[in-house]
>>> print(open('run.cif').read())   # mmCIF, N, CA and C atoms
data_data
#
loop_
_atom_site.group_PDB
_atom_site.id
_atom_site.type_symbol
_atom_site.label_atom_id
_atom_site.label_comp_id
_atom_site.auth_asym_id
_atom_site.auth_seq_id
_atom_site.Cartn_x
_atom_site.Cartn_y
_atom_site.Cartn_z
ATOM 1 N N MET A 1 54.960 65.412 38.440
ATOM 2 C CA MET A 1 54.619 65.031 37.088
ATOM 3 C C MET A 1 55.128 66.101 36.135
ATOM 4 N N CYS A 2 55.708 65.671 35.050
ATOM 5 C CA CYS A 2 56.197 66.584 34.018
ATOM 6 C C CYS A 2 55.226 66.560 32.840
ATOM 7 N N ILE A 3 55.155 67.685 32.168
ATOM 8 C CA ILE A 3 54.256 67.768 31.014
ATOM 9 C C ILE A 3 54.928 68.568 29.907
ATOM 10 N N GLY A 4 54.754 68.111 28.700
ATOM 11 C CA GLY A 4 55.218 68.849 27.535
ATOM 12 C C GLY A 4 54.031 69.550 26.901
ATOM 13 N N VAL A 5 54.287 70.686 26.299
ATOM 14 C CA VAL A 5 53.210 71.436 25.645
ATOM 15 C C VAL A 5 53.563 71.666 24.175
ATOM 16 N N PRO A 6 52.566 71.692 23.310
ATOM 17 C CA PRO A 6 52.821 71.967 21.901
ATOM 18 C C PRO A 6 53.252 73.422 21.698
ATOM 19 N N ALA A 7 54.209 73.616 20.835
ATOM 20 C CA ALA A 7 54.695 74.949 20.484
ATOM 21 C C ALA A 7 54.961 74.972 18.985
ATOM 22 N N LYS A 8 54.698 76.114 18.364
ATOM 23 C CA LYS A 8 54.926 76.264 16.922
ATOM 24 C C LYS A 8 56.183 77.106 16.719
ATOM 25 N N ILE A 9 57.141 76.569 15.989
ATOM 26 C CA ILE A 9 58.392 77.289 15.732
ATOM 27 C C ILE A 9 58.125 78.420 14.746
ATOM 28 N N ILE A 10 58.532 79.628 15.126
ATOM 29 C CA ILE A 10 58.271 80.789 14.278
ATOM 30 C C ILE A 10 59.547 81.435 13.745
ATOM 31 N N GLU A 11 60.689 81.117 14.353
ATOM 32 C CA GLU A 11 61.952 81.704 13.898
ATOM 33 C C GLU A 11 63.103 80.817 14.365
ATOM 34 N N VAL A 12 64.134 80.695 13.536
ATOM 35 C CA VAL A 12 65.303 79.881 13.886
ATOM 36 C C VAL A 12 66.576 80.672 13.640
ATOM 37 N N GLY A 13 67.667 80.178 14.217
ATOM 38 C CA GLY A 13 68.972 80.785 13.998
ATOM 39 C C GLY A 13 69.654 80.171 12.783
ATOM 40 N N GLU A 14 70.948 80.429 12.680
ATOM 41 C CA GLU A 14 71.708 79.962 11.507
ATOM 42 C C GLU A 14 71.985 78.469 11.521
ATOM 43 N N ASP A 15 72.064 77.870 12.712
ATOM 44 C CA ASP A 15 72.271 76.423 12.770
ATOM 45 C C ASP A 15 71.474 75.829 13.924
ATOM 46 N N CYS A 16 71.530 74.526 14.042
ATOM 47 C CA CYS A 16 70.713 73.805 15.021
ATOM 48 C C CYS A 16 71.081 74.105 16.470
ATOM 49 N N HIS A 17 72.228 74.710 16.688
ATOM 50 C CA HIS A 17 72.668 74.983 18.056
ATOM 51 C C HIS A 17 72.319 76.392 18.521
ATOM 52 N N HIS A 18 71.696 77.184 17.654
ATOM 53 C CA HIS A 18 71.198 78.496 18.056
ATOM 54 C C HIS A 18 69.779 78.347 18.580
ATOM 55 N N PHE A 19 69.404 79.239 19.464
ATOM 56 C CA PHE A 19 68.030 79.215 19.957
ATOM 57 C C PHE A 19 67.062 79.562 18.837
ATOM 58 N N ALA A 20 65.878 79.003 18.946
ATOM 59 C CA ALA A 20 64.778 79.314 18.037
ATOM 60 C C ALA A 20 63.713 80.032 18.851
ATOM 61 N N SER A 21 62.776 80.656 18.165
ATOM 62 C CA SER A 21 61.612 81.247 18.823
ATOM 63 C C SER A 21 60.404 80.406 18.483
ATOM 64 N N ALA A 22 59.561 80.200 19.482
ATOM 65 C CA ALA A 22 58.345 79.425 19.280
ATOM 66 C C ALA A 22 57.190 80.127 19.980
ATOM 67 N N GLU A 23 55.989 79.858 19.498
ATOM 68 C CA GLU A 23 54.788 80.422 20.104
ATOM 69 C C GLU A 23 54.068 79.335 20.884
ATOM 70 N N VAL A 24 53.809 79.646 22.139
ATOM 71 C CA VAL A 24 53.084 78.736 23.023
ATOM 72 C C VAL A 24 51.870 79.491 23.549
ATOM 73 N N SER A 25 50.699 79.157 23.056
ATOM 74 C CA SER A 25 49.454 79.805 23.488
ATOM 75 C C SER A 25 49.547 81.325 23.451
ATOM 76 N N GLY A 26 50.100 81.858 22.372
ATOM 77 C CA GLY A 26 50.182 83.302 22.189
ATOM 78 C C GLY A 26 51.398 83.972 22.802
ATOM 79 N N VAL A 27 52.251 83.210 23.472
ATOM 80 C CA VAL A 27 53.454 83.753 24.098
ATOM 81 C C VAL A 27 54.673 83.256 23.325
ATOM 82 N N THR A 28 55.590 84.166 22.991
ATOM 83 C CA THR A 28 56.810 83.792 22.278
ATOM 84 C C THR A 28 57.907 83.455 23.288
ATOM 85 N N VAL A 29 58.527 82.292 23.090
ATOM 86 C CA VAL A 29 59.589 81.831 23.988
ATOM 87 C C VAL A 29 60.795 81.395 23.167
ATOM 88 N N LYS A 30 61.975 81.458 23.777
ATOM 89 C CA LYS A 30 63.195 80.947 23.160
ATOM 90 C C LYS A 30 63.326 79.476 23.522
ATOM 91 N N ILE A 31 63.628 78.648 22.513
ATOM 92 C CA ILE A 31 63.733 77.209 22.756
ATOM 93 C C ILE A 31 64.980 76.632 22.109
ATOM 94 N N ASN A 32 65.392 75.486 22.616
ATOM 95 C CA ASN A 32 66.510 74.741 22.066
ATOM 96 C C ASN A 32 65.941 73.697 21.107
ATOM 97 N N ILE A 33 66.395 73.712 19.849
ATOM 98 C CA ILE A 33 65.872 72.782 18.837
ATOM 99 C C ILE A 33 66.861 71.675 18.471
ATOM 100 N N SER A 34 67.979 71.587 19.182
ATOM 101 C CA SER A 34 69.030 70.651 18.782
ATOM 102 C C SER A 34 68.583 69.186 18.796
ATOM 103 N N LEU A 35 67.591 68.833 19.597
ATOM 104 C CA LEU A 35 67.133 67.443 19.648
ATOM 105 C C LEU A 35 66.241 67.062 18.470
ATOM 106 N N VAL A 36 65.654 68.037 17.787
ATOM 107 C CA VAL A 36 64.761 67.737 16.663
ATOM 108 C C VAL A 36 65.301 68.210 15.317
ATOM 109 N N CYS A 37 66.410 68.899 15.324
ATOM 110 C CA CYS A 37 66.978 69.468 14.100
ATOM 111 C C CYS A 37 67.919 68.461 13.446
ATOM 112 N N GLU A 38 67.517 67.962 12.287
ATOM 113 C CA GLU A 38 68.338 66.982 11.584
ATOM 114 C C GLU A 38 68.995 67.537 10.329
ATOM 115 N N GLY A 39 68.499 68.641 9.830
ATOM 116 C CA GLY A 39 69.042 69.252 8.620
ATOM 117 C C GLY A 39 69.173 70.736 8.839
ATOM 118 N N SER A 40 68.659 71.499 7.902
ATOM 119 C CA SER A 40 68.659 72.948 8.027
ATOM 120 C C SER A 40 67.590 73.359 9.040
ATOM 121 N N PRO A 41 67.921 74.239 9.971
ATOM 122 C CA PRO A 41 66.914 74.690 10.922
ATOM 123 C C PRO A 41 65.747 75.405 10.237
ATOM 124 N N GLN A 42 65.981 75.972 9.062
ATOM 125 C CA GLN A 42 64.909 76.650 8.326
ATOM 126 C C GLN A 42 63.742 75.709 8.026
ATOM 127 N N GLU A 43 64.031 74.404 7.911
ATOM 128 C CA GLU A 43 62.987 73.412 7.636
ATOM 129 C C GLU A 43 61.994 73.290 8.791
ATOM 130 N N LEU A 44 62.363 73.789 9.976
ATOM 131 C CA LEU A 44 61.509 73.668 11.156
ATOM 132 C C LEU A 44 60.525 74.827 11.319
ATOM 133 N N VAL A 45 60.744 75.914 10.598
ATOM 134 C CA VAL A 45 59.849 77.071 10.729
ATOM 135 C C VAL A 45 58.435 76.655 10.312
ATOM 136 N N GLY A 46 57.480 76.921 11.206
ATOM 137 C CA GLY A 46 56.095 76.542 10.959
ATOM 138 C C GLY A 46 55.727 75.168 11.480
ATOM 139 N N ARG A 47 56.711 74.403 11.932
ATOM 140 C CA ARG A 47 56.453 73.053 12.458
ATOM 141 C C ARG A 47 56.087 73.123 13.930
ATOM 142 N N TRP A 48 55.339 72.135 14.376
ATOM 143 C CA TRP A 48 54.954 72.007 15.783
ATOM 144 C C TRP A 48 55.896 71.044 16.483
ATOM 145 N N VAL A 49 56.230 71.366 17.732
ATOM 146 C CA VAL A 49 57.086 70.503 18.542
ATOM 147 C C VAL A 49 56.458 70.314 19.916
ATOM 148 N N LEU A 50 56.874 69.256 20.588
ATOM 149 C CA LEU A 50 56.509 69.046 21.981
ATOM 150 C C LEU A 50 57.607 69.693 22.809
ATOM 151 N N LEU A 51 57.251 70.698 23.588
ATOM 152 C CA LEU A 51 58.217 71.516 24.328
ATOM 153 C C LEU A 51 58.196 71.157 25.803
ATOM 154 N N HIS A 52 59.379 70.912 26.361
ATOM 155 C CA HIS A 52 59.509 70.604 27.791
ATOM 156 C C HIS A 52 60.751 71.307 28.319
ATOM 157 N N VAL A 53 60.583 72.112 29.326
ATOM 158 C CA VAL A 53 61.642 72.913 29.969
ATOM 159 C C VAL A 53 62.591 73.576 28.965
ATOM 160 N N GLY A 54 62.015 74.148 27.916
ATOM 161 C CA GLY A 54 62.802 74.898 26.942
ATOM 162 C C GLY A 54 63.406 74.078 25.819
ATOM 163 N N PHE A 55 63.198 72.775 25.829
ATOM 164 C CA PHE A 55 63.739 71.904 24.787
ATOM 165 C C PHE A 55 62.614 71.350 23.929
ATOM 166 N N ALA A 56 62.781 71.429 22.612
ATOM 167 C CA ALA A 56 61.874 70.762 21.686
ATOM 168 C C ALA A 56 62.244 69.282 21.736
ATOM 169 N N MET A 57 61.326 68.462 22.272
ATOM 170 C CA MET A 57 61.619 67.044 22.489
ATOM 171 C C MET A 57 61.299 66.174 21.273
ATOM 172 N N SER A 58 60.263 66.554 20.521
ATOM 173 C CA SER A 58 59.878 65.786 19.335
ATOM 174 C C SER A 58 59.008 66.652 18.440
ATOM 175 N N LEU A 59 58.914 66.251 17.184
ATOM 176 C CA LEU A 59 58.051 66.939 16.233
ATOM 177 C C LEU A 59 56.634 66.389 16.367
ATOM 178 N N LEU A 60 55.646 67.260 16.192
ATOM 179 C CA LEU A 60 54.237 66.868 16.222
ATOM 180 C C LEU A 60 53.588 67.268 14.910
ATOM 181 N N ASP A 61 52.591 66.488 14.475
ATOM 182 C CA ASP A 61 51.834 66.984 13.339
ATOM 183 C C ASP A 61 50.844 68.017 13.873
ATOM 184 N N GLU A 62 50.365 68.873 13.002
ATOM 185 C CA GLU A 62 49.537 69.997 13.425
ATOM 186 C C GLU A 62 48.262 69.547 14.143
ATOM 187 N N GLN A 63 47.603 68.521 13.637
ATOM 188 C CA GLN A 63 46.357 68.075 14.269
ATOM 189 C C GLN A 63 46.611 67.559 15.680
ATOM 190 N N GLU A 64 47.681 66.796 15.853
ATOM 191 C CA GLU A 64 48.033 66.293 17.179
ATOM 192 C C GLU A 64 48.315 67.455 18.139
ATOM 193 N N ALA A 65 49.018 68.482 17.653
ATOM 194 C CA ALA A 65 49.325 69.650 18.478
ATOM 195 C C ALA A 65 48.044 70.379 18.881
ATOM 196 N N LEU A 66 47.144 70.582 17.928
ATOM 197 C CA LEU A 66 45.894 71.289 18.214
ATOM 198 C C LEU A 66 45.004 70.489 19.172
ATOM 199 N N ASN A 67 44.953 69.174 18.996
ATOM 200 C CA ASN A 67 44.180 68.323 19.905
ATOM 201 C C ASN A 67 44.736 68.389 21.325
ATOM 202 N N THR A 68 46.039 68.384 21.451
ATOM 203 C CA THR A 68 46.678 68.454 22.769
ATOM 204 C C THR A 68 46.407 69.798 23.425
ATOM 205 N N LEU A 69 46.510 70.887 22.663
ATOM 206 C CA LEU A 69 46.213 72.208 23.213
ATOM 207 C C LEU A 69 44.770 72.281 23.690
ATOM 208 N N GLU A 70 43.871 71.710 22.922
ATOM 209 C CA GLU A 70 42.448 71.708 23.304
ATOM 210 C C GLU A 70 42.244 70.919 24.601
ATOM 211 N N ALA A 71 42.906 69.786 24.734
ATOM 212 C CA ALA A 71 42.799 68.985 25.959
ATOM 213 C C ALA A 71 43.360 69.736 27.165
ATOM 214 N N LEU A 72 44.466 70.424 26.977
ATOM 215 C CA LEU A 72 45.050 71.212 28.072
ATOM 216 C C LEU A 72 44.122 72.347 28.486
ATOM 217 N N LYS A 73 43.493 72.996 27.529
ATOM 218 C CA LYS A 73 42.536 74.061 27.842
ATOM 219 C C LYS A 73 41.333 73.507 28.599
ATOM 220 N N ALA A 74 40.852 72.338 28.195
ATOM 221 C CA ALA A 74 39.715 71.720 28.858
ATOM 222 C C ALA A 74 40.040 71.370 30.312
ATOM 223 N N MET A 75 41.233 70.906 30.575
ATOM 224 C CA MET A 75 41.639 70.571 31.946
ATOM 225 C C MET A 75 41.693 71.816 32.817
ATOM 226 N N GLN A 76 41.988 72.925 32.222
ATOM 227 C CA GLN A 76 42.082 74.187 32.956
ATOM 228 C C GLN A 76 40.715 74.613 33.487
ATOM 229 N N MET A 77 39.642 74.190 32.831
ATOM 230 C CA MET A 77 38.296 74.590 33.223
ATOM 231 C C MET A 77 37.730 73.747 34.361
ATOM 232 N N VAL A 78 38.372 72.671 34.711
ATOM 233 C CA VAL A 78 37.866 71.775 35.762
ATOM 234 C C VAL A 78 38.078 72.391 37.126
#
>>> encode(input="run.cif", output="structure tokens")
Amino acid sequence: MCIGVPAKIIEVGEDCHHFASAEVSGVTVKINISLVCEGSPQELVGRWVLLHVGFAMSLLDEQEALNTLEALKAMQMV
């Protein structure tokens, strides 16, 4: 089973083909934003994405991202 996790983009490169930095549960990771970048990559800073194997697969609204993180944390306690 594959799972995507919410990540918040905190830094981007000069164009959509440069790696971006995102925060996932307090850890900073390098991610590929080319699948969600439609304009200037700067527009993505502060946005939430669904992250899977280093690729931002889709944009998430903040509430959806926070709800998903909460559900993932709850599953960890089982």
>>> resolve_selection(input="run.cif", expression="the PyMOL selection byres ((chain A and resi 25) around 6.5)", output="PDB file with N, CA and C atoms, keeping the file's coordinate frame")
ATOM      1  N   PRO A   6      52.566  71.692  23.310  1.00  0.00           N
ATOM      2  CA  PRO A   6      52.821  71.967  21.901  1.00  0.00           C
ATOM      3  C   PRO A   6      53.252  73.422  21.698  1.00  0.00           C
ATOM      4  N   ALA A   7      54.209  73.616  20.835  1.00  0.00           N
ATOM      5  CA  ALA A   7      54.695  74.949  20.484  1.00  0.00           C
ATOM      6  C   ALA A   7      54.961  74.972  18.985  1.00  0.00           C
ATOM      7  N   GLU A  23      55.989  79.858  19.498  1.00  0.00           N
ATOM      8  CA  GLU A  23      54.788  80.422  20.104  1.00  0.00           C
ATOM      9  C   GLU A  23      54.068  79.335  20.884  1.00  0.00           C
ATOM     10  N   VAL A  24      53.809  79.646  22.139  1.00  0.00           N
ATOM     11  CA  VAL A  24      53.084  78.736  23.023  1.00  0.00           C
ATOM     12  C   VAL A  24      51.870  79.491  23.549  1.00  0.00           C
ATOM     13  N   GLY A  26      50.100  81.858  22.372  1.00  0.00           N
ATOM     14  CA  GLY A  26      50.182  83.302  22.189  1.00  0.00           C
ATOM     15  C   GLY A  26      51.398  83.972  22.802  1.00  0.00           C
ATOM     16  N   VAL A  27      52.251  83.210  23.472  1.00  0.00           N
ATOM     17  CA  VAL A  27      53.454  83.753  24.098  1.00  0.00           C
ATOM     18  C   VAL A  27      54.673  83.256  23.325  1.00  0.00           C
TER      19      VAL A  27
END
>>> atom_distance(input="run.cif", atom1="atom CA of Gly46 of chain A", atom2="atom CA of Leu72 of chain A")
21.1 Å
>>> atom_distance(input="run.cif", atom1="atom CA of Val36 of chain A", atom2="atom CA of Ser58 of chain A")
5.9 Å
>>> atom_distance(input="run.cif", atom1="atom CA of Phe55 of chain A", atom2="atom N of Ser40 of chain A")
17.6 Å
>>> select_by_dssp(input="run.cif", residues="chain A", states="alpha helix (DSSP H)", output="NGL selection string")
:A and (62-76)
>>> resolve_selection(input="run.cif", expression="the PyMOL selection byres (((chain A and resi 31 and name CA) around 7) and name CA)", output="list of chain:residue names")
A:Phe19, A:Ala20, A:Ser21, A:Ala22, A:Val29, A:Lys30, A:Asn32, A:Ile33, A:Gly54, A:Phe55, A:Ala56
>>> write_last_selection(input="run.cif", atoms="N, CA and C atoms", output="mmCIF file, keeping the file's coordinate frame")
data_model
loop_
_atom_site.group_PDB
_atom_site.id
_atom_site.type_symbol
_atom_site.label_atom_id
_atom_site.label_comp_id
_atom_site.auth_asym_id
_atom_site.auth_seq_id
_atom_site.Cartn_x
_atom_site.Cartn_y
_atom_site.Cartn_z
ATOM 1 N N PHE A 19 69.404 79.239 19.464
ATOM 2 C CA PHE A 19 68.030 79.215 19.957
ATOM 3 C C PHE A 19 67.062 79.562 18.837
ATOM 4 N N ALA A 20 65.878 79.003 18.946
ATOM 5 C CA ALA A 20 64.778 79.314 18.037
ATOM 6 C C ALA A 20 63.713 80.032 18.851
ATOM 7 N N SER A 21 62.776 80.656 18.165
ATOM 8 C CA SER A 21 61.612 81.247 18.823
ATOM 9 C C SER A 21 60.404 80.406 18.483
ATOM 10 N N ALA A 22 59.561 80.200 19.482
ATOM 11 C CA ALA A 22 58.345 79.425 19.280
ATOM 12 C C ALA A 22 57.190 80.127 19.980
ATOM 13 N N VAL A 29 58.527 82.292 23.090
ATOM 14 C CA VAL A 29 59.589 81.831 23.988
ATOM 15 C C VAL A 29 60.795 81.395 23.167
ATOM 16 N N LYS A 30 61.975 81.458 23.777
ATOM 17 C CA LYS A 30 63.195 80.947 23.160
ATOM 18 C C LYS A 30 63.326 79.476 23.522
ATOM 19 N N ASN A 32 65.392 75.486 22.616
ATOM 20 C CA ASN A 32 66.510 74.741 22.066
ATOM 21 C C ASN A 32 65.941 73.697 21.107
ATOM 22 N N ILE A 33 66.395 73.712 19.849
ATOM 23 C CA ILE A 33 65.872 72.782 18.837
ATOM 24 C C ILE A 33 66.861 71.675 18.471
ATOM 25 N N GLY A 54 62.015 74.148 27.916
ATOM 26 C CA GLY A 54 62.802 74.898 26.942
ATOM 27 C C GLY A 54 63.406 74.078 25.819
ATOM 28 N N PHE A 55 63.198 72.775 25.829
ATOM 29 C CA PHE A 55 63.739 71.904 24.787
ATOM 30 C C PHE A 55 62.614 71.350 23.929
ATOM 31 N N ALA A 56 62.781 71.429 22.612
ATOM 32 C CA ALA A 56 61.874 70.762 21.686
ATOM 33 C C ALA A 56 62.244 69.282 21.736
#
>>> select_by_dssp(input="run.cif", residues="chain A", states="strand (DSSP E)", output="PyMOL selection string")
chain A and resi 5-11+20-24+27-31+48-52+55-60
>>> axis_aligned_box(input="run.cif", around="segment 33-49 of chain A", padding_each_side="4 Å", output="JSON")
{"center_x": 62.1, "center_y": 72.0, "center_z": 13.8, "size_x": 22.2, "size_y": 18.1, "size_z": 20.3}
>>> closest_residue(input="run.cif", among="A:Cys2, A:Leu60, A:Cys37, A:Thr68", to="Cys16 of chain A", atoms="only N, CA and C atoms")
A:Cys37
>>> closest_residue(input="run.cif", among="A:Val12, A:Leu50, A:Ile3, A:Met57", to="Leu35 of chain A", atoms="only N, CA and C atoms")
A:Met57
>>> closest_residue(input="run.cif", among="A:Ile10, A:Val45, A:Val5, A:Leu59", to="Ala71 of chain A", atoms="only C-alpha atoms")
A:Val5
>>> decode(input="run.cif", residues="segment 34-58 of chain A", atoms="N, CA, C and O atoms", output="PDB file, in the first residue's frame")
ATOM      1  N   SER A  34       7.239  19.790  -9.900  1.00  0.00           N
ATOM      2  CA  SER A  34       6.870  19.986 -11.302  1.00  0.00           C
ATOM      3  C   SER A  34       5.438  19.548 -11.625  1.00  0.00           C
ATOM      4  O   SER A  34       4.830  20.080 -12.555  1.00  0.00           O
ATOM      5  N   LEU A  35       4.871  18.623 -10.868  1.00  0.00           N
ATOM      6  CA  LEU A  35       3.506  18.170 -11.141  1.00  0.00           C
ATOM      7  C   LEU A  35       2.441  19.145 -10.647  1.00  0.00           C
ATOM      8  O   LEU A  35       1.292  19.092 -11.104  1.00  0.00           O
ATOM      9  N   VAL A  36       2.782  20.029  -9.718  1.00  0.00           N
ATOM     10  CA  VAL A  36       1.798  20.973  -9.180  1.00  0.00           C
ATOM     11  C   VAL A  36       2.098  22.427  -9.530  1.00  0.00           C
ATOM     12  O   VAL A  36       1.307  23.308  -9.231  1.00  0.00           O
ATOM     13  N   CYS A  37       3.216  22.674 -10.159  1.00  0.00           N
ATOM     14  CA  CYS A  37       3.641  24.039 -10.476  1.00  0.00           C
ATOM     15  C   CYS A  37       3.093  24.452 -11.838  1.00  0.00           C
ATOM     16  O   CYS A  37       3.488  23.900 -12.860  1.00  0.00           O
ATOM     17  N   GLU A  38       2.175  25.406 -11.826  1.00  0.00           N
ATOM     18  CA  GLU A  38       1.576  25.866 -13.075  1.00  0.00           C
ATOM     19  C   GLU A  38       2.025  27.262 -13.479  1.00  0.00           C
ATOM     20  O   GLU A  38       1.850  27.661 -14.613  1.00  0.00           O
ATOM     21  N   GLY A  39       2.568  28.010 -12.551  1.00  0.00           N
ATOM     22  CA  GLY A  39       3.020  29.371 -12.826  1.00  0.00           C
ATOM     23  C   GLY A  39       4.375  29.570 -12.199  1.00  0.00           C
ATOM     24  O   GLY A  39       5.266  28.745 -12.337  1.00  0.00           O
ATOM     25  N   SER A  40       4.509  30.645 -11.459  1.00  0.00           N
ATOM     26  CA  SER A  40       5.746  30.917 -10.743  1.00  0.00           C
ATOM     27  C   SER A  40       5.832  29.990  -9.530  1.00  0.00           C
ATOM     28  O   SER A  40       4.868  29.872  -8.764  1.00  0.00           O
ATOM     29  N   PRO A  41       6.973  29.355  -9.314  1.00  0.00           N
ATOM     30  CA  PRO A  41       7.107  28.502  -8.141  1.00  0.00           C
ATOM     31  C   PRO A  41       6.948  29.283  -6.834  1.00  0.00           C
ATOM     32  O   PRO A  41       6.536  28.719  -5.824  1.00  0.00           O
ATOM     33  N   GLN A  42       7.222  30.579  -6.859  1.00  0.00           N
ATOM     34  CA  GLN A  42       7.066  31.404  -5.656  1.00  0.00           C
ATOM     35  C   GLN A  42       5.633  31.366  -5.123  1.00  0.00           C
ATOM     36  O   GLN A  42       5.400  31.524  -3.931  1.00  0.00           O
ATOM     37  N   GLU A  43       4.660  31.141  -6.019  1.00  0.00           N
ATOM     38  CA  GLU A  43       3.252  31.074  -5.615  1.00  0.00           C
ATOM     39  C   GLU A  43       2.971  29.870  -4.717  1.00  0.00           C
ATOM     40  O   GLU A  43       1.949  29.829  -4.035  1.00  0.00           O
ATOM     41  N   LEU A  44       3.880  28.889  -4.698  1.00  0.00           N
ATOM     42  CA  LEU A  44       3.674  27.672  -3.917  1.00  0.00           C
ATOM     43  C   LEU A  44       4.198  27.768  -2.484  1.00  0.00           C
ATOM     44  O   LEU A  44       3.857  26.929  -1.648  1.00  0.00           O
ATOM     45  N   VAL A  45       5.018  28.768  -2.205  1.00  0.00           N
ATOM     46  CA  VAL A  45       5.576  28.901  -0.853  1.00  0.00           C
ATOM     47  C   VAL A  45       4.428  29.104   0.140  1.00  0.00           C
ATOM     48  O   VAL A  45       3.552  29.940  -0.051  1.00  0.00           O
ATOM     49  N   GLY A  46       4.418  28.258   1.174  1.00  0.00           N
ATOM     50  CA  GLY A  46       3.360  28.309   2.174  1.00  0.00           C
ATOM     51  C   GLY A  46       2.177  27.414   1.869  1.00  0.00           C
ATOM     52  O   GLY A  46       1.297  27.235   2.709  1.00  0.00           O
ATOM     53  N   ARG A  47       2.142  26.832   0.678  1.00  0.00           N
ATOM     54  CA  ARG A  47       1.034  25.947   0.289  1.00  0.00           C
ATOM     55  C   ARG A  47       1.303  24.529   0.762  1.00  0.00           C
ATOM     56  O   ARG A  47       2.438  24.099   0.916  1.00  0.00           O
ATOM     57  N   TRP A  48       0.234  23.787   0.969  1.00  0.00           N
ATOM     58  CA  TRP A  48       0.313  22.378   1.357  1.00  0.00           C
ATOM     59  C   TRP A  48       0.159  21.501   0.126  1.00  0.00           C
ATOM     60  O   TRP A  48      -0.622  21.826  -0.777  1.00  0.00           O
ATOM     61  N   VAL A  49       0.922  20.409   0.094  1.00  0.00           N
ATOM     62  CA  VAL A  49       0.838  19.449  -1.003  1.00  0.00           C
ATOM     63  C   VAL A  49       0.738  18.040  -0.437  1.00  0.00           C
ATOM     64  O   VAL A  49       1.115  17.781   0.704  1.00  0.00           O
ATOM     65  N   LEU A  50       0.241  17.133  -1.258  1.00  0.00           N
ATOM     66  CA  LEU A  50       0.256  15.716  -0.928  1.00  0.00           C
ATOM     67  C   LEU A  50       1.550  15.162  -1.501  1.00  0.00           C
ATOM     68  O   LEU A  50       1.771  15.205  -2.712  1.00  0.00           O
ATOM     69  N   LEU A  51       2.418  14.664  -0.639  1.00  0.00           N
ATOM     70  CA  LEU A  51       3.767  14.234  -1.020  1.00  0.00           C
ATOM     71  C   LEU A  51       3.849  12.718  -1.057  1.00  0.00           C
ATOM     72  O   LEU A  51       3.435  12.034  -0.116  1.00  0.00           O
ATOM     73  N   HIS A  52       4.373  12.187  -2.159  1.00  0.00           N
ATOM     74  CA  HIS A  52       4.560  10.739  -2.305  1.00  0.00           C
ATOM     75  C   HIS A  52       5.891  10.497  -3.000  1.00  0.00           C
ATOM     76  O   HIS A  52       6.129  11.032  -4.080  1.00  0.00           O
ATOM     77  N   VAL A  53       6.745   9.737  -2.380  1.00  0.00           N
ATOM     78  CA  VAL A  53       8.099   9.401  -2.859  1.00  0.00           C
ATOM     79  C   VAL A  53       8.848  10.602  -3.444  1.00  0.00           C
ATOM     80  O   VAL A  53       9.470  10.516  -4.499  1.00  0.00           O
ATOM     81  N   GLY A  54       8.763  11.730  -2.751  1.00  0.00           N
ATOM     82  CA  GLY A  54       9.513  12.916  -3.151  1.00  0.00           C
ATOM     83  C   GLY A  54       8.830  13.810  -4.167  1.00  0.00           C
ATOM     84  O   GLY A  54       9.371  14.846  -4.543  1.00  0.00           O
ATOM     85  N   PHE A  55       7.648  13.435  -4.619  1.00  0.00           N
ATOM     86  CA  PHE A  55       6.913  14.234  -5.599  1.00  0.00           C
ATOM     87  C   PHE A  55       5.675  14.840  -4.960  1.00  0.00           C
ATOM     88  O   PHE A  55       4.902  14.140  -4.302  1.00  0.00           O
ATOM     89  N   ALA A  56       5.473  16.137  -5.174  1.00  0.00           N
ATOM     90  CA  ALA A  56       4.230  16.790  -4.785  1.00  0.00           C
ATOM     91  C   ALA A  56       3.194  16.364  -5.823  1.00  0.00           C
ATOM     92  O   ALA A  56       3.305  16.697  -6.997  1.00  0.00           O
ATOM     93  N   MET A  57       2.206  15.571  -5.379  1.00  0.00           N
ATOM     94  CA  MET A  57       1.229  14.997  -6.307  1.00  0.00           C
ATOM     95  C   MET A  57       0.027  15.910  -6.550  1.00  0.00           C
ATOM     96  O   MET A  57      -0.550  15.891  -7.631  1.00  0.00           O
ATOM     97  N   SER A  58      -0.364  16.672  -5.525  1.00  0.00           N
ATOM     98  CA  SER A  58      -1.505  17.581  -5.662  1.00  0.00           C
ATOM     99  C   SER A  58      -1.448  18.622  -4.556  1.00  0.00           C
ATOM    100  O   SER A  58      -0.776  18.434  -3.546  1.00  0.00           O
TER     101      SER A  58
END
